[in-house]
Amino acid sequence: MLKLIRHVAFVVLIALAAAQQARADNLTVFAAASLKNALDDISAKWKDSGAGTVGASYASSSTLAKQIEQGAPADVFISADIQWMDYVSKKSLVETPHNLLGNRLVLIAAKDNLLTLEIKPGLKLAEVLGDGRLAVGDPSNVPAGIYAKEALTKLKIWDEVQPKLAPAADVRAALTLVSRGEAPLGIVYETDAKVDPKVRIVAVFPEDSHKPIVYPVAVVKSSRNPDAAKFVAFLDGPAAKEIFVKYGFSVIGK
(Lines give C-alpha, C1' and ligand atoms only; values in the text may rest on other atoms or scores of the structure.)
Protein backbone atom coordinates (compact mmCIF):
# COMPACT_ATOMS: atom_id res chain seq x y z
CA MET A 1 0.00 0.00 0.00
CA LEU A 2 2.85 2.37 0.88
CA LYS A 3 4.47 1.71 -2.50
CA LEU A 4 1.16 2.45 -4.22
CA ILE A 5 0.78 5.75 -2.34
CA ARG A 6 4.33 6.73 -3.25
CA HIS A 7 3.70 5.84 -6.90
CA VAL A 8 0.50 7.91 -6.98
CA ALA A 9 2.27 10.84 -5.33
CA PHE A 10 5.08 10.62 -7.89
CA VAL A 11 2.59 10.56 -10.77
CA VAL A 12 0.80 13.60 -9.31
CA LEU A 13 4.08 15.50 -8.99
CA ILE A 14 4.96 14.70 -12.61
CA ALA A 15 1.51 15.88 -13.74
CA LEU A 16 1.84 19.11 -11.76
CA ALA A 17 5.29 19.73 -13.23
CA ALA A 18 3.94 19.13 -16.73
CA ALA A 19 1.02 21.48 -16.10
CA GLN A 20 3.36 24.16 -14.81
CA GLN A 21 5.58 23.74 -17.86
CA ALA A 22 2.57 23.97 -20.17
CA ARG A 23 1.52 27.21 -18.49
CA ALA A 24 5.03 28.57 -18.85
CA ASP A 25 5.21 27.58 -22.50
CA ASN A 26 1.92 29.24 -23.43
CA LEU A 27 2.14 33.00 -23.25
CA THR A 28 -0.99 35.12 -23.67
CA VAL A 29 -0.47 38.47 -25.34
CA PHE A 30 -3.18 41.11 -25.66
CA ALA A 31 -2.21 43.30 -28.61
CA ALA A 32 -3.68 46.11 -30.68
CA ALA A 33 -5.34 44.81 -33.86
CA SER A 34 -2.85 46.64 -36.10
CA LEU A 35 -0.04 44.42 -34.76
CA LYS A 36 -1.50 41.12 -35.96
CA ASN A 37 0.70 40.35 -38.97
CA ALA A 38 3.95 41.46 -37.38
CA LEU A 39 3.26 39.86 -34.02
CA ASP A 40 2.19 36.56 -35.61
CA ASP A 41 5.59 36.42 -37.33
CA ILE A 42 7.42 37.38 -34.14
CA SER A 43 5.52 34.75 -32.17
CA ALA A 44 6.63 32.14 -34.70
CA LYS A 45 10.24 33.27 -34.22
CA TRP A 46 9.80 33.02 -30.46
CA LYS A 47 8.48 29.46 -30.79
CA ASP A 48 11.30 28.49 -33.18
CA SER A 49 13.79 29.61 -30.54
CA GLY A 50 12.40 26.94 -28.23
CA ALA A 51 10.78 29.45 -25.88
CA GLY A 52 7.22 28.10 -26.13
CA THR A 53 4.07 29.24 -27.87
CA VAL A 54 2.25 32.57 -27.90
CA GLY A 55 -1.50 32.89 -27.91
CA ALA A 56 -2.35 36.39 -29.09
CA SER A 57 -5.66 38.16 -28.69
CA TYR A 58 -6.10 41.07 -31.12
CA ALA A 59 -8.67 43.83 -30.69
CA SER A 60 -8.94 47.54 -30.05
CA SER A 61 -6.61 48.68 -27.27
CA SER A 62 -9.61 50.01 -25.37
CA THR A 63 -11.34 46.62 -25.47
CA LEU A 64 -8.21 44.82 -24.32
CA ALA A 65 -7.55 47.32 -21.51
CA LYS A 66 -11.11 46.85 -20.24
CA GLN A 67 -10.71 43.07 -20.39
CA ILE A 68 -7.50 43.26 -18.36
CA GLU A 69 -9.33 45.46 -15.84
CA GLN A 70 -12.02 42.79 -15.57
CA GLY A 71 -9.44 40.10 -14.83
CA ALA A 72 -8.89 38.51 -18.24
CA PRO A 73 -5.81 36.22 -18.14
CA ALA A 74 -3.15 38.13 -20.06
CA ASP A 75 0.62 38.07 -19.63
CA VAL A 76 1.62 40.99 -21.88
CA PHE A 77 -0.28 44.03 -23.14
CA ILE A 78 0.67 46.08 -26.21
CA SER A 79 -1.48 49.15 -26.78
CA ALA A 80 -1.71 51.30 -29.92
CA ASP A 81 -1.65 54.46 -27.82
CA ILE A 82 -0.39 55.75 -24.51
CA GLN A 83 -3.88 56.63 -23.30
CA TRP A 84 -5.07 53.04 -22.82
CA MET A 85 -1.76 51.89 -21.39
CA ASP A 86 -2.04 54.75 -18.89
CA TYR A 87 -5.56 53.53 -18.11
CA VAL A 88 -4.35 50.12 -16.87
CA SER A 89 -1.14 51.54 -15.43
CA LYS A 90 -2.99 53.98 -13.16
CA LYS A 91 -5.01 51.05 -11.87
CA SER A 92 -1.75 49.20 -11.07
CA LEU A 93 -2.64 46.40 -13.49
CA VAL A 94 0.68 46.38 -15.38
CA GLU A 95 4.37 46.62 -14.63
CA THR A 96 6.25 49.74 -15.77
CA PRO A 97 5.50 50.14 -19.52
CA HIS A 98 7.92 51.41 -22.15
CA ASN A 99 7.39 52.68 -25.68
CA LEU A 100 8.01 50.04 -28.33
CA LEU A 101 6.87 51.27 -31.76
CA GLY A 102 5.63 54.17 -33.84
CA ASN A 103 3.32 54.34 -36.86
CA ARG A 104 1.76 56.79 -39.32
CA LEU A 105 -1.84 57.71 -40.07
CA VAL A 106 -2.98 57.43 -43.68
CA LEU A 107 -6.02 57.93 -45.87
CA ILE A 108 -6.84 54.85 -47.97
CA ALA A 109 -9.07 53.93 -50.89
CA ALA A 110 -9.73 50.79 -52.90
CA LYS A 111 -6.84 49.67 -55.10
CA ASP A 112 -8.61 50.66 -58.32
CA ASN A 113 -9.61 54.10 -56.98
CA LEU A 114 -7.17 56.54 -58.58
CA LEU A 115 -8.19 59.47 -56.37
CA THR A 116 -5.40 61.90 -55.47
CA LEU A 117 -5.65 64.29 -52.54
CA GLU A 118 -3.39 66.60 -50.60
CA ILE A 119 -4.18 66.56 -46.93
CA LYS A 120 -4.26 70.15 -45.74
CA PRO A 121 -6.51 72.50 -43.74
CA GLY A 122 -9.88 72.99 -45.40
CA LEU A 123 -9.67 69.79 -47.47
CA LYS A 124 -13.13 69.16 -48.96
CA LEU A 125 -13.17 65.57 -47.77
CA ALA A 126 -16.93 65.51 -47.18
CA GLU A 127 -17.50 66.52 -50.82
CA VAL A 128 -15.09 63.85 -52.04
CA LEU A 129 -17.00 61.23 -50.04
CA GLY A 130 -20.31 62.23 -51.64
CA ASP A 131 -22.91 59.72 -50.44
CA GLY A 132 -20.17 57.39 -49.20
CA ARG A 133 -18.80 56.93 -45.70
CA LEU A 134 -15.36 57.39 -44.15
CA ALA A 135 -14.27 54.20 -42.39
CA VAL A 136 -12.48 54.87 -39.09
CA GLY A 137 -11.93 53.21 -35.75
CA ASP A 138 -14.60 54.44 -33.35
CA PRO A 139 -13.29 57.90 -32.31
CA SER A 140 -14.80 57.53 -28.84
CA ASN A 141 -12.40 54.76 -27.79
CA VAL A 142 -10.35 53.17 -30.61
CA PRO A 143 -6.83 54.67 -30.84
CA ALA A 144 -6.82 54.90 -34.65
CA GLY A 145 -10.15 56.72 -34.48
CA ILE A 146 -8.92 59.02 -31.74
CA TYR A 147 -5.88 59.94 -33.84
CA ALA A 148 -8.16 60.43 -36.86
CA LYS A 149 -10.45 62.78 -34.94
CA GLU A 150 -7.44 64.79 -33.74
CA ALA A 151 -6.14 65.10 -37.30
CA LEU A 152 -9.49 66.05 -38.84
CA THR A 153 -10.06 68.58 -36.06
CA LYS A 154 -6.63 70.12 -36.56
CA LEU A 155 -7.36 70.34 -40.30
CA LYS A 156 -10.66 72.09 -39.45
CA ILE A 157 -12.82 69.56 -41.27
CA TRP A 158 -14.08 67.38 -38.38
CA ASP A 159 -17.53 68.99 -38.13
CA GLU A 160 -18.37 68.43 -41.78
CA VAL A 161 -16.89 64.93 -41.94
CA GLN A 162 -18.28 63.56 -38.66
CA PRO A 163 -21.80 62.84 -40.06
CA LYS A 164 -20.21 60.75 -42.80
CA LEU A 165 -18.19 58.47 -40.51
CA ALA A 166 -18.51 54.69 -40.48
CA PRO A 167 -17.12 53.90 -36.98
CA ALA A 168 -15.56 50.45 -36.62
CA ALA A 169 -14.70 48.29 -33.62
CA ASP A 170 -10.98 48.48 -34.38
CA VAL A 171 -8.61 49.67 -37.10
CA ARG A 172 -8.64 46.34 -38.96
CA ALA A 173 -12.43 46.49 -39.15
CA ALA A 174 -12.12 49.95 -40.71
CA LEU A 175 -9.59 48.56 -43.18
CA THR A 176 -11.99 45.77 -44.11
CA LEU A 177 -14.79 48.23 -44.90
CA VAL A 178 -12.61 49.85 -47.57
CA SER A 179 -11.11 46.57 -48.77
CA ARG A 180 -14.60 45.15 -49.40
CA GLY A 181 -15.83 48.31 -51.10
CA GLU A 182 -18.30 49.13 -48.34
CA ALA A 183 -16.68 52.54 -47.79
CA PRO A 184 -14.87 54.56 -50.47
CA LEU A 185 -12.27 55.97 -48.06
CA GLY A 186 -10.85 55.13 -44.68
CA ILE A 187 -8.30 56.28 -42.12
CA VAL A 188 -5.98 53.58 -40.80
CA TYR A 189 -2.34 53.11 -39.90
CA GLU A 190 0.23 52.88 -42.65
CA THR A 191 1.08 49.33 -41.54
CA ASP A 192 -2.54 48.22 -42.00
CA ALA A 193 -2.68 49.58 -45.54
CA LYS A 194 0.52 47.74 -46.44
CA VAL A 195 -0.84 44.29 -45.57
CA ASP A 196 -4.03 44.53 -47.64
CA PRO A 197 -3.47 44.31 -51.42
CA LYS A 198 -7.01 45.52 -52.08
CA VAL A 199 -6.35 49.04 -50.80
CA ARG A 200 -3.92 51.83 -51.61
CA ILE A 201 -2.62 54.81 -49.66
CA VAL A 202 -4.09 58.04 -51.02
CA ALA A 203 -2.20 60.35 -48.67
CA VAL A 204 -0.32 60.46 -45.36
CA PHE A 205 -1.59 62.74 -42.60
CA PRO A 206 0.92 65.39 -41.47
CA GLU A 207 2.62 64.27 -38.26
CA ASP A 208 1.78 67.56 -36.58
CA SER A 209 -1.95 67.02 -37.17
CA HIS A 210 -2.22 64.50 -34.31
CA LYS A 211 -0.35 63.20 -31.29
CA PRO A 212 2.57 60.88 -32.07
CA ILE A 213 1.36 57.33 -32.68
CA VAL A 214 3.12 55.30 -30.01
CA TYR A 215 2.74 51.64 -29.03
CA PRO A 216 3.71 51.00 -25.39
CA VAL A 217 4.22 47.49 -23.99
CA ALA A 218 4.08 46.11 -20.46
CA VAL A 219 3.89 42.88 -18.49
CA VAL A 220 0.49 42.39 -16.84
CA LYS A 221 0.91 42.28 -13.05
CA SER A 222 -1.42 39.34 -12.57
CA SER A 223 0.74 37.19 -14.88
CA ARG A 224 2.50 34.26 -13.26
CA ASN A 225 4.27 33.28 -16.44
CA PRO A 226 8.07 33.57 -16.05
CA ASP A 227 8.39 34.12 -19.80
CA ALA A 228 6.32 37.33 -19.85
CA ALA A 229 9.26 39.65 -19.17
CA LYS A 230 11.47 37.60 -21.47
CA PHE A 231 8.99 38.02 -24.32
CA VAL A 232 8.88 41.78 -23.80
CA ALA A 233 12.68 41.79 -23.97
CA PHE A 234 12.44 39.68 -27.16
CA LEU A 235 10.20 42.36 -28.68
CA ASP A 236 13.05 44.83 -28.15
CA GLY A 237 15.59 42.47 -29.71
CA PRO A 238 17.00 42.40 -33.25
CA ALA A 239 14.84 39.54 -34.58
CA ALA A 240 11.59 41.30 -33.62
CA LYS A 241 12.84 44.70 -34.76
CA GLU A 242 13.57 43.34 -38.22
CA ILE A 243 10.00 42.07 -38.51
CA PHE A 244 8.47 45.28 -37.21
CA VAL A 245 10.43 47.31 -39.75
CA LYS A 246 9.41 44.93 -42.55
CA TYR A 247 5.76 45.70 -41.82
CA GLY A 248 6.37 49.46 -41.74
CA PHE A 249 6.54 50.23 -38.04
CA SER A 250 9.16 52.63 -36.72
CA VAL A 251 11.04 51.08 -33.82
CA ILE A 252 11.41 53.01 -30.58
CA GLY A 253 12.20 50.28 -28.07
CA LYS A 254 14.65 50.50 -25.22
# chains A, B, ... in the order shown; residues from 1 in each chain; ligands from 1
>>> select_by_dssp(residues="region 10-187 of chain A", states="alpha helix (DSSP H)", output="VMD selection string")
chain A and resid 10 to 25 36 to 48 61 to 69 82 to 90 125 to 129 143 to 154 158 to 161 171 to 179
>>> select_by_dssp(residues="region 7-242 of chain A", states="strand (DSSP E or B)", output="PyMOL selection string")
chain A and resi 26-32+53-59+76-78+94+98-102+105-110+134-137+165-168+185-189+199-204+214-220
>>> closest_residue(among="A:Lys124, A:Arg180, A:Arg133, A:Lys241", to="Ile157 (chain A)", atoms="only C-alpha atoms")
A:Lys124
>>> atom_distance(atom1="CA of Phe205 (chain A)", atom2="CA of Gly145 (chain A)")
13.2 Å
>>> residues_around(residues="Phe77 (chain A)", least_positions_apart="3", cutoff="9 Å", atoms="only C-alpha atoms", output="MDAnalysis selection string")
chainID A and resid 28:32 61 64:65 68 74 85 94 216:220
>>> write_last_selection(atoms="N, CA and C atoms", output="mmCIF file, in the first residue's frame")
data_model
loop_
_atom_site.group_PDB
_atom_site.id
_atom_site.type_symbol
_atom_site.label_atom_id
_atom_site.label_comp_id
_atom_site.auth_asym_id
_atom_site.auth_seq_id
_atom_site.Cartn_x
_atom_site.Cartn_y
_atom_site.Cartn_z
ATOM 1 N N THR A 28 0.177 34.422 -23.133
ATOM 2 C CA THR A 28 -0.994 35.117 -23.666
ATOM 3 C C THR A 28 -0.683 36.595 -23.816
ATOM 4 N N VAL A 29 -0.765 37.076 -25.045
ATOM 5 C CA VAL A 29 -0.467 38.472 -25.338
ATOM 6 C C VAL A 29 -1.726 39.171 -25.835
ATOM 7 N N PHE A 30 -2.087 40.260 -25.195
ATOM 8 C CA PHE A 30 -3.177 41.113 -25.659
ATOM 9 C C PHE A 30 -2.544 42.242 -26.464
ATOM 10 N N ALA A 31 -2.877 42.330 -27.741
ATOM 11 C CA ALA A 31 -2.209 43.299 -28.614
ATOM 12 C C ALA A 31 -3.189 44.037 -29.510
ATOM 13 N N ALA A 32 -2.876 45.298 -29.780
ATOM 14 C CA ALA A 32 -3.683 46.109 -30.684
ATOM 15 C C ALA A 32 -3.838 45.406 -32.023
ATOM 16 N N SER A 61 -7.317 48.520 -28.550
ATOM 17 C CA SER A 61 -6.606 48.681 -27.273
ATOM 18 C C SER A 61 -7.570 48.955 -26.131
ATOM 19 N N LEU A 64 -9.168 45.661 -25.037
ATOM 20 C CA LEU A 64 -8.207 44.825 -24.315
ATOM 21 C C LEU A 64 -7.930 45.378 -22.918
ATOM 22 N N ALA A 65 -7.798 46.701 -22.820
ATOM 23 C CA ALA A 65 -7.554 47.321 -21.515
ATOM 24 C C ALA A 65 -8.711 47.036 -20.562
ATOM 25 N N ILE A 68 -8.527 43.425 -19.392
ATOM 26 C CA ILE A 68 -7.500 43.264 -18.355
ATOM 27 C C ILE A 68 -8.038 43.772 -17.018
ATOM 28 N N ALA A 74 -4.146 37.696 -19.084
ATOM 29 C CA ALA A 74 -3.155 38.129 -20.064
ATOM 30 C C ALA A 74 -1.796 38.236 -19.386
ATOM 31 N N MET A 85 -2.763 52.464 -22.278
ATOM 32 C CA MET A 85 -1.764 51.891 -21.387
ATOM 33 C C MET A 85 -1.775 52.641 -20.051
ATOM 34 N N VAL A 94 -0.476 46.773 -14.579
ATOM 35 C CA VAL A 94 0.684 46.380 -15.378
ATOM 36 C C VAL A 94 1.969 46.846 -14.704
ATOM 37 N N PRO A 216 3.007 51.435 -26.593
ATOM 38 C CA PRO A 216 3.715 51.000 -25.392
ATOM 39 C C PRO A 216 3.438 49.522 -25.083
ATOM 40 N N VAL A 217 4.352 48.896 -24.363
ATOM 41 C CA VAL A 217 4.216 47.486 -23.995
ATOM 42 C C VAL A 217 4.508 47.322 -22.514
ATOM 43 N N ALA A 218 3.842 46.365 -21.879
ATOM 44 C CA ALA A 218 4.080 46.107 -20.462
ATOM 45 C C ALA A 218 3.672 44.682 -20.103
ATOM 46 N N VAL A 219 4.293 44.162 -19.066
ATOM 47 C CA VAL A 219 3.888 42.884 -18.491
ATOM 48 C C VAL A 219 2.679 43.136 -17.601
ATOM 49 N N VAL A 220 1.676 42.283 -17.691
ATOM 50 C CA VAL A 220 0.491 42.394 -16.843
ATOM 51 C C VAL A 220 0.832 41.866 -15.449
#
